[in-house]
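Next comes protein.cif, a file with mmCIF, C-alpha atoms.
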```cif
data_my_file
loop_
_atom_site.label_atom_id
_atom_site.label_comp_id
_atom_site.auth_asym_id
_atom_site.auth_seq_id
_atom_site.Cartn_x
_atom_site.Cartn_y
_atom_site.Cartn_z
CA MET A 1 142.36 105.61 93.49
CA LYS A 2 144.04 108.24 91.38
CA GLU A 3 142.17 111.30 90.17
CA LYS A 4 140.61 110.90 86.74
CA LYS A 5 141.65 113.23 83.93
CA HIS A 6 138.11 113.45 82.60
CA ASN A 7 134.90 113.49 84.54
CA THR A 8 131.70 111.94 83.24
CA GLY A 9 129.52 113.80 85.73
CA LEU A 10 128.41 110.44 87.11
CA ASN A 11 128.41 110.12 90.87
CA VAL A 12 127.83 107.48 93.57
CA PRO A 13 125.81 107.59 96.80
CA ASP A 14 127.82 108.57 99.89
CA GLY A 15 129.65 105.63 101.43
CA TYR A 16 128.71 103.31 98.59
CA PHE A 17 132.17 101.72 98.40
CA ASP A 18 132.66 101.64 102.19
CA ASN A 19 130.64 98.52 102.91
CA PHE A 20 130.66 96.99 99.47
CA GLU A 21 132.83 94.04 100.61
CA ASP A 22 130.30 93.09 103.31
CA ARG A 23 127.41 93.20 100.86
CA MET A 24 129.43 91.14 98.44
CA MET A 25 130.23 88.50 101.06
CA LEU A 26 126.52 88.23 101.92
CA LYS A 27 125.74 87.82 98.24
CA VAL A 28 128.34 85.05 97.96
CA MET A 29 126.82 83.26 100.97
CA GLU A 30 123.36 83.58 99.39
CA GLU A 31 124.72 82.12 96.19
CA SER A 32 126.08 79.11 98.05
CA LEU A 33 122.62 78.24 99.44
CA PRO A 34 120.66 75.49 97.68
CA LYS A 35 118.62 76.94 94.83
CA SER A 36 115.71 74.56 95.32
CA ASN A 37 113.62 73.62 98.36
CA GLY A 38 113.55 70.02 97.10
CA PHE A 39 109.76 69.68 96.95
CA LYS A 40 108.23 67.89 94.00
CA VAL A 41 104.66 67.35 92.87
CA PRO A 42 103.32 64.25 91.11
CA LYS A 43 103.40 64.40 87.32
CA GLY A 44 100.35 66.21 85.91
CA TYR A 45 99.18 67.21 89.40
CA PHE A 46 98.25 70.76 88.49
CA GLU A 47 96.55 69.72 85.22
CA GLN A 48 94.33 67.32 87.13
CA PHE A 49 93.78 69.63 90.07
CA ASN A 50 90.06 70.12 90.58
CA VAL A 51 87.90 71.44 93.31
CA ALA A 52 86.03 68.64 95.12
CA PRO A 53 82.42 68.36 93.80
CA GLU A 54 80.84 68.98 97.21
CA PHE A 55 82.43 72.44 97.23
CA LYS A 56 81.76 73.24 93.60
CA SER A 57 78.09 74.18 93.46
CA GLU A 58 77.65 75.27 97.00
CA PRO A 59 75.95 78.64 96.91
CA THR A 60 77.64 81.50 98.53
CA PRO A 61 76.19 81.79 102.03
CA GLN A 62 73.93 84.81 102.21
CA PRO A 63 73.74 86.86 105.37
CA ALA A 64 70.56 86.22 107.40
CA VAL A 65 67.84 88.83 106.86
CA ILE A 66 66.29 89.95 110.13
CA SER A 67 62.82 91.47 109.69
CA ILE A 68 62.12 94.68 111.50
CA PHE A 69 58.52 93.49 112.13
CA ARG A 70 59.16 90.31 114.02
CA LYS A 71 56.25 88.56 115.67
CA LYS A 72 57.40 89.37 119.18
CA THR A 73 58.01 93.03 118.34
CA LEU A 74 54.59 93.29 116.76
CA LEU A 75 53.00 91.94 119.92
CA TYR A 76 54.79 94.51 122.06
CA VAL A 77 53.89 97.38 119.74
CA SER A 78 50.21 96.39 119.50
CA GLY A 79 50.06 96.04 123.29
CA VAL A 80 51.41 99.52 123.82
CA ALA A 81 49.03 100.92 121.19
CA ALA A 82 46.03 99.26 122.87
CA SER A 83 47.05 100.67 126.24
CA LEU A 84 47.31 104.15 124.78
CA LEU A 85 43.90 103.87 123.15
CA LEU A 86 42.34 102.74 126.43
CA PHE A 87 43.99 105.58 128.32
CA ILE A 88 42.84 108.21 125.84
CA SER A 89 39.31 106.84 125.79
CA LEU A 90 39.19 106.97 129.60
CA ILE A 91 40.32 110.58 129.62
CA ASN A 92 37.77 111.57 127.01
CA THR A 93 34.91 109.81 128.71
CA LYS A 94 32.22 112.31 129.77
CA ASP A 95 29.60 111.25 132.13
CA ASP A 96 26.66 113.47 131.41
CA ASN A 97 24.92 112.39 134.62
CA LEU A 98 27.56 113.97 136.76
CA SER A 99 26.54 117.23 138.44
CA MET A 100 27.38 119.07 141.62
CA ASP A 101 24.09 117.93 143.04
CA SER A 102 25.00 114.29 142.69
CA LEU A 103 28.10 114.77 144.86
CA SER A 104 27.75 114.46 148.59
CA ALA A 105 29.07 117.21 150.86
CA ASP A 106 31.62 114.80 152.34
CA THR A 107 33.02 114.01 148.90
CA VAL A 108 33.44 117.66 148.04
CA GLU A 109 34.98 118.38 151.42
CA ALA A 110 37.47 115.52 151.06
CA TYR A 111 38.21 116.69 147.57
CA ILE A 112 39.03 120.19 148.77
CA ASN A 113 40.91 119.05 151.88
CA ASP A 114 43.13 116.74 149.83
CA GLY A 115 44.23 119.82 147.90
CA VAL A 116 42.99 118.39 144.59
CA ALA A 117 40.87 121.46 144.04
CA ASP A 118 42.85 124.58 144.77
CA ILE A 119 39.89 126.78 145.55
CA ASP A 120 40.45 130.10 147.23
CA THR A 121 37.95 131.45 149.77
CA TYR A 122 37.43 134.52 147.61
CA ASP A 123 36.54 132.33 144.65
CA VAL A 124 33.89 130.65 146.76
CA MET A 125 32.62 134.01 147.92
CA ALA A 126 32.39 135.21 144.35
CA LEU A 127 30.08 132.35 143.54
CA LEU A 128 27.64 133.26 146.30
CA ASN A 129 25.16 136.11 146.30
CA GLU A 130 24.03 138.09 149.35
CA GLU A 131 21.02 135.92 149.96
CA ASP A 132 23.18 132.80 149.99
CA LEU A 133 25.54 134.46 152.42
CA GLU A 134 22.65 135.46 154.72
CA ASN A 135 21.33 131.96 154.68
CA ILE A 136 24.74 130.65 155.63
CA SER A 137 25.13 133.07 158.52
CA LEU A 138 21.60 132.39 159.75
CA SER A 139 21.79 128.72 159.49
CA SER A 140 22.92 127.13 162.66
CA GLU A 141 22.91 123.75 161.09
CA ILE A 142 25.98 124.31 159.03
CA VAL A 143 28.32 124.99 161.92
CA SER A 144 27.10 123.81 165.26
CA GLU A 145 28.52 125.17 168.47
CA GLU A 146 30.27 121.92 169.10
CA ASN A 147 31.92 122.03 165.72
CA LEU A 148 32.97 125.60 166.19
CA GLU A 149 34.49 124.84 169.58
CA ALA A 150 36.37 121.84 168.19
CA TYR A 151 37.65 123.93 165.31
CA LEU A 152 38.90 126.70 167.60
CA ILE A 153 40.63 124.28 169.93
CA GLU A 154 42.38 122.63 167.00
CA ASN A 155 43.40 125.67 165.01
CA LEU A 156 43.99 128.53 167.46
CA ASP A 157 47.05 128.57 169.61
CA GLU A 158 47.62 130.54 172.79
CA THR A 159 49.69 133.21 171.09
CA SER A 160 46.86 133.98 168.72
CA LEU A 161 44.49 134.36 171.66
CA LEU A 162 46.85 136.68 173.45
CA ILE A 163 47.14 138.87 170.38
CA GLU A 164 43.40 139.00 170.06
CA MET J 165 152.51 89.60 89.58
CA VAL J 166 153.63 87.48 92.53
CA GLN J 167 150.97 89.18 94.57
CA GLU J 168 148.35 88.34 91.94
CA GLN J 169 149.45 84.71 91.81
CA ALA J 170 149.22 84.45 95.60
CA LEU J 171 145.73 85.95 95.47
CA VAL J 172 144.62 83.52 92.77
CA SER J 173 146.03 80.58 94.76
CA ALA J 174 144.21 81.76 97.88
CA LEU J 175 140.97 82.17 95.89
CA LYS J 176 141.29 78.59 94.72
CA SER J 177 142.03 77.20 98.17
CA GLU J 178 139.27 75.96 100.48
CA THR J 179 140.62 77.52 103.66
CA ASN J 180 141.40 81.11 102.59
CA LYS J 181 138.94 81.51 99.77
CA GLU J 182 136.55 83.94 101.47
CA GLU J 183 139.28 86.12 102.90
CA ALA J 184 141.05 86.25 99.54
CA PHE J 185 137.78 87.11 97.84
CA ARG J 186 137.25 90.00 100.23
CA ASP J 187 140.72 91.28 99.29
CA LEU J 188 139.96 90.93 95.61
CA VAL J 189 136.71 92.86 95.95
CA SER J 190 138.46 95.54 97.92
CA GLN J 191 141.17 95.97 95.28
CA TYR J 192 138.95 96.06 92.19
CA LYS J 193 135.51 97.27 93.28
CA GLU J 194 136.01 100.90 92.25
CA ARG J 195 137.76 100.27 88.95
CA LEU J 196 135.22 97.70 87.86
CA TYR J 197 132.32 99.82 89.11
CA TRP J 198 133.31 102.80 86.94
CA HIS J 199 133.94 100.54 83.97
CA ILE J 200 130.41 99.16 84.30
CA ARG J 201 128.83 102.50 85.18
CA ASN J 202 130.21 104.11 82.03
CA MET J 203 128.42 101.44 80.08
CA VAL J 204 125.03 101.21 81.83
CA LEU J 205 125.00 104.80 83.21
CA ASP J 206 122.53 104.16 86.05
CA HIS J 207 123.98 103.60 89.52
CA ASP J 208 121.59 100.85 90.62
CA ASP J 209 122.10 98.99 87.36
CA ALA J 210 125.88 99.34 87.78
CA ASP J 211 125.60 98.01 91.34
CA ASP J 212 123.67 94.95 90.13
CA VAL J 213 126.12 94.27 87.33
CA LEU J 214 129.12 94.74 89.63
CA GLN J 215 127.75 92.21 92.11
CA ASN J 216 127.01 89.76 89.32
CA THR J 217 130.56 90.26 88.05
CA PHE J 218 132.12 89.40 91.41
CA ILE J 219 129.81 86.41 91.82
CA LYS J 220 130.94 85.14 88.42
CA VAL J 221 134.57 85.64 89.46
CA PHE J 222 134.00 83.76 92.72
CA ARG J 223 132.20 80.89 91.01
CA ASN J 224 134.58 80.55 88.08
CA ILE J 225 137.92 81.19 89.70
CA GLU J 226 138.75 77.48 89.24
CA SER J 227 138.53 77.95 85.48
CA PHE J 228 140.99 80.87 85.53
CA LYS J 229 144.18 79.33 84.11
CA GLY J 230 146.43 82.34 84.50
CA ASP J 231 146.90 82.81 80.74
CA SER J 232 146.04 86.47 81.22
CA LYS J 233 146.24 88.79 84.18
CA LEU J 234 143.51 88.44 86.78
CA TYR J 235 142.32 92.02 86.37
CA THR J 236 142.16 91.54 82.56
CA TRP J 237 140.01 88.47 83.07
CA MET J 238 137.74 90.37 85.49
CA TYR J 239 137.36 93.31 83.10
CA ARG J 240 136.21 90.92 80.42
CA ILE J 241 133.67 89.41 82.76
CA ALA J 242 132.47 92.88 83.78
CA THR J 243 132.18 93.98 80.13
CA ASN J 244 130.24 90.84 79.20
CA GLU J 245 127.95 91.20 82.22
CA ALA J 246 127.16 94.82 81.32
CA ILE J 247 126.41 93.95 77.69
CA THR J 248 124.29 90.95 78.77
CA PHE J 249 122.39 93.20 81.20
CA MET J 250 121.58 95.74 78.47
CA ASN J 251 120.63 93.02 75.99
CA LYS J 252 118.24 91.46 78.51
CA ARG J 253 116.65 94.85 79.15
CA ALA J 254 116.28 95.45 75.41
CA LYS J 255 114.65 92.06 74.95
CA ARG J 256 112.33 92.51 77.92
CA ASN J 257 111.16 95.91 76.65
CA ASN J 258 111.16 94.80 73.02
CA ILE J 259 113.56 97.56 71.97
CA THR J 260 117.11 97.71 70.59
CA ILE J 261 120.22 98.02 72.76
CA GLU J 262 120.73 101.52 71.26
CA GLU J 263 117.29 102.50 72.54
CA VAL J 264 118.18 101.13 75.98
CA LYS J 265 121.22 103.41 75.99
CA GLU J 266 119.16 106.41 74.78
CA ARG J 267 116.66 105.88 77.60
CA ALA J 268 119.51 105.65 80.12
CA ILE J 269 120.86 109.00 78.88
CA ASP J 270 117.38 110.58 79.07
CA ASN J 271 117.11 109.38 82.67
CA LEU J 272 120.42 111.07 83.54
CA GLU J 273 118.74 114.48 83.44
CA SER J 274 116.75 113.64 86.57
CA ASP J 275 119.35 111.29 88.10
CA VAL J 276 120.50 112.44 91.55
CA TYR J 277 123.79 110.66 90.93
CA PHE J 278 124.57 112.68 87.83
CA GLU J 279 126.10 116.04 88.55
CA GLY J 280 127.03 116.93 84.99
CA GLY J 281 125.45 119.68 82.96
CA ALA J 282 124.41 120.05 79.33
CA ILE J 283 127.98 119.47 78.06
CA GLU J 284 128.41 116.15 79.90
CA LEU J 285 124.94 115.06 78.86
CA ASN J 286 125.66 115.85 75.23
CA LEU J 287 128.97 113.99 75.46
CA GLN J 288 127.02 110.91 76.56
CA ARG J 289 124.67 111.35 73.61
CA ALA J 290 127.65 111.61 71.29
CA ILE J 291 129.24 108.44 72.73
CA ALA J 292 125.93 106.61 72.26
CA THR J 293 126.13 107.26 68.51
CA LEU J 294 129.34 105.18 68.27
CA PRO J 295 129.43 101.43 67.52
CA GLU J 296 129.58 99.33 70.68
CA LYS J 297 133.29 98.49 70.42
CA GLN J 298 134.25 102.14 69.84
CA GLN J 299 132.14 103.18 72.83
CA LEU J 300 134.03 100.71 74.98
CA ILE J 301 137.45 101.85 73.73
CA PHE J 302 136.59 105.53 74.12
CA ASN J 303 135.21 105.12 77.67
CA MET J 304 138.14 103.01 78.84
CA LYS J 305 140.75 105.34 77.36
CA TYR J 306 139.12 108.72 77.93
CA PHE J 307 137.36 108.24 81.30
CA GLU J 308 139.07 105.22 82.87
CA ASP J 309 142.63 106.22 81.89
CA HIS J 310 143.72 102.79 80.66
CA THR J 311 146.83 102.58 78.55
CA TYR J 312 146.63 101.12 75.05
CA GLU J 313 148.61 98.12 76.30
CA GLU J 314 146.07 97.42 79.04
CA LEU J 315 143.23 97.87 76.59
CA SER J 316 144.94 95.53 74.18
CA GLU J 317 145.07 92.81 76.86
CA ILE J 318 141.51 93.29 78.02
CA LEU J 319 139.85 93.67 74.64
CA GLU J 320 142.28 91.45 72.74
CA ILE J 321 142.76 94.07 70.03
CA SER J 322 146.13 95.21 68.75
CA VAL J 323 147.46 98.52 70.02
CA GLY J 324 147.45 99.85 66.46
CA GLY J 325 143.83 98.86 65.98
CA LEU J 326 142.91 100.49 69.30
CA LYS J 327 144.67 103.75 68.42
CA SER J 328 142.86 103.88 65.12
CA SER J 329 139.48 103.13 66.73
CA TYR J 330 140.03 105.72 69.45
CA HIS J 331 141.04 108.34 66.91
CA ILE J 332 137.90 107.73 64.86
CA ALA J 333 135.76 107.80 67.98
CA VAL J 334 137.16 111.17 69.08
CA LYS J 335 136.55 112.66 65.62
CA LYS J 336 132.96 111.45 65.54
CA ILE J 337 132.26 112.77 69.01
CA THR J 338 133.78 116.16 68.19
CA ALA J 339 131.68 116.39 65.04
CA TYR J 340 128.54 115.50 66.99
CA LEU J 341 129.22 118.10 69.67
CA LYS J 342 129.97 120.79 67.08
CA SER J 343 126.79 120.09 65.25
CA ASN J 344 124.91 120.32 68.52
CA GLU J 345 126.66 123.59 69.44
CA THR J 346 127.85 122.57 72.88
CA PHE J 347 131.52 122.24 72.10
#
```
Serialized structure, structure tokens:
Amino acid sequence: MKEKKHNTGLNVPDGYFDNFEDRMMLKVMEESLPKSNGFKVPKGYFEQFNVAPEFKSEPTPQPAVISIFRKKTLLYVSGVAASLLLFISLINTKDDNLSMDSLSADTVEAYINDGVADIDTYDVMALLNEEDLENISLSSEIVSEENLEAYLIENLDETSLLIE
Amino acid sequence: MVQEQALVSALKSETNKEEAFRDLVSQYKERLYWHIRNMVLDHDDADDVLQNTFIKVFRNIESFKGDSKLYTWMYRIATNEAITFMNKRAKRNNITIEEVKERAIDNLESDVYFEGGAIELNLQRAIATLPEKQQLIFNMKYFEDHTYEELSEILEISVGGLKSSYHIAVKKITAYLKSNETF
């Protein structure tokens, strides 16, 4: 194409003319295709088109509402609450009839031996006055010779004896 | 001329029609594109109109009797397609064809496919002030470099009438540019 004497300033995208023939041939092929799909509808079909009555007034289905306080949940919650109340009441129960005197020596001993009461020897000593201590040392009933012998056999090993 | 007759015969035949059409497109795509583009100004619009023009040629080649040259016939189709395109746009937007042209010129300022400056833009505004026929004559003579004889065949106007119209168009454009101080 010869150079134009006057330029309009108008331009074309790069390569626009390069593939124009191919685009044109595609367009021609498109044009040769049938313009209609051949489908027809009965006369007045769309004027008479109505939604079937059974679908007309059907309310829009609402999502199911699930209550937070369902019967089963309430049962569980009340059960737990009752258990807690019982537990607290048991803890707070005070038996006014309980005293050291009502406990047998065996019970106290078992209590101490089981480690439930972490009572140090010094604490026990602090609770006793001199008279009590004298009575303990003079009393042969508290620790008999047999008991003392059994205790020594059980708790002292040979090494301890050698050191002594 | 012999070449053109052979091309027309091939376009009318069943066996070589598509190949001949490809040749025709190849020969005239640029000339017809610029003819259309000078009328509609926008590239995409010109592309649409050009494709429609070739489709019309392909579809109606049987009705081409050879009374005029093939390229003359195609130029007429292209011109009619461009005018029809602008008329449809005017109707769709409920505006006049002059307003369609004004909008197209306004869009040129931001058009990536317009590399002209203020002078070229003002020249387009000046052309838009001309009557439709004078616009066509001016564009085809000034920008597309057609001879008066070619124009006479395409537009079916006498050479004398064309010269007169072109002369008037140039004077009007010059006056417009002077009054707008860009000339």
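All chain J residues having an atom within 8 Å of chain A, based on all atoms listed in the file, amount to Glu182, Arg186, Val189, Ser190, Lys193, Glu194, Leu205, His207, Gln215, Phe218, Ile219, Phe222, Tyr277, Phe278, Glu279, Gly280, Gly281, Glu284, Tyr306, Phe307, Glu308 and Asp309 of chain J.
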Writer output for current selection, C-alpha atoms, as a short mmCIF file (atom, residue, chain, number, x, y, z; two decimals), keeping the file's coordinate frame:
```
data_model
loop_
_atom_site.label_atom_id
_atom_site.label_comp_id
_atom_site.auth_asym_id
_atom_site.auth_seq_id
_atom_site.Cartn_x
_atom_site.Cartn_y
_atom_site.Cartn_z
CA GLU J 182 136.55 83.94 101.47
CA ARG J 186 137.25 90.00 100.23
CA VAL J 189 136.71 92.86 95.95
CA SER J 190 138.46 95.54 97.92
CA LYS J 193 135.51 97.27 93.28
CA GLU J 194 136.01 100.90 92.25
CA LEU J 205 125.00 104.80 83.21
CA HIS J 207 123.98 103.60 89.52
CA GLN J 215 127.75 92.21 92.11
CA PHE J 218 132.12 89.40 91.41
CA ILE J 219 129.81 86.41 91.82
CA PHE J 222 134.00 83.76 92.72
CA TYR J 277 123.79 110.66 90.93
CA PHE J 278 124.57 112.68 87.83
CA GLU J 279 126.10 116.04 88.55
CA GLY J 280 127.03 116.93 84.99
CA GLY J 281 125.45 119.68 82.96
CA GLU J 284 128.41 116.15 79.90
CA TYR J 306 139.12 108.72 77.93
CA PHE J 307 137.36 108.24 81.30
CA GLU J 308 139.07 105.22 82.87
CA ASP J 309 142.63 106.22 81.89
#
```
*Tell me which residues the PyMOL selection byres ((chain J and resi 302) around 9) grabs here, as JSON, numbers by chain.*
{"J": [291, 297, 298, 299, 300, 301, 303, 304, 305, 306, 307, 329, 330, 331, 333, 334]}
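Evaluating the PyMOL selection byres ((chain J and resi 256-272) around 8) against the shown model yields J:Val204, J:Leu205, J:Asp206, J:Met250, J:Asn251, J:Lys252, J:Arg253, J:Ala254, J:Lys255, J:Glu273, J:Ser274, J:Asp275, J:Phe278, J:Leu285, J:Gln288, J:Arg289, J:Ala292.
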*Surrounding residues of Lys176 (chain J) excluding itself and chain neighbours under 4 positions, 7 Å, all atoms listed in the file, as a PyMOL selection string*: chain J and resi 172+181+225-226
Using C-alpha atoms, can you export the residues from the last selection as an mmCIF file, keeping the file's coordinate frame?
```cif
data_model
loop_
_atom_site.group_PDB
_atom_site.id
_atom_site.type_symbol
_atom_site.label_atom_id
_atom_site.label_comp_id
_atom_site.auth_asym_id
_atom_site.auth_seq_id
_atom_site.Cartn_x
_atom_site.Cartn_y
_atom_site.Cartn_z
ATOM 1 C CA VAL J 172 144.620 83.520 92.770
ATOM 2 C CA LYS J 181 138.940 81.510 99.770
ATOM 3 C CA ILE J 225 137.920 81.190 89.700
ATOM 4 C CA GLU J 226 138.750 77.480 89.240
#
```
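Using all atoms listed in the file, the protein and nucleic acid residues lying no more than 7 Å from Thr217 (chain J), apart from those fewer than 6 places from it along its own chain, are Ile241, Ala242 and Glu245 of chain J.
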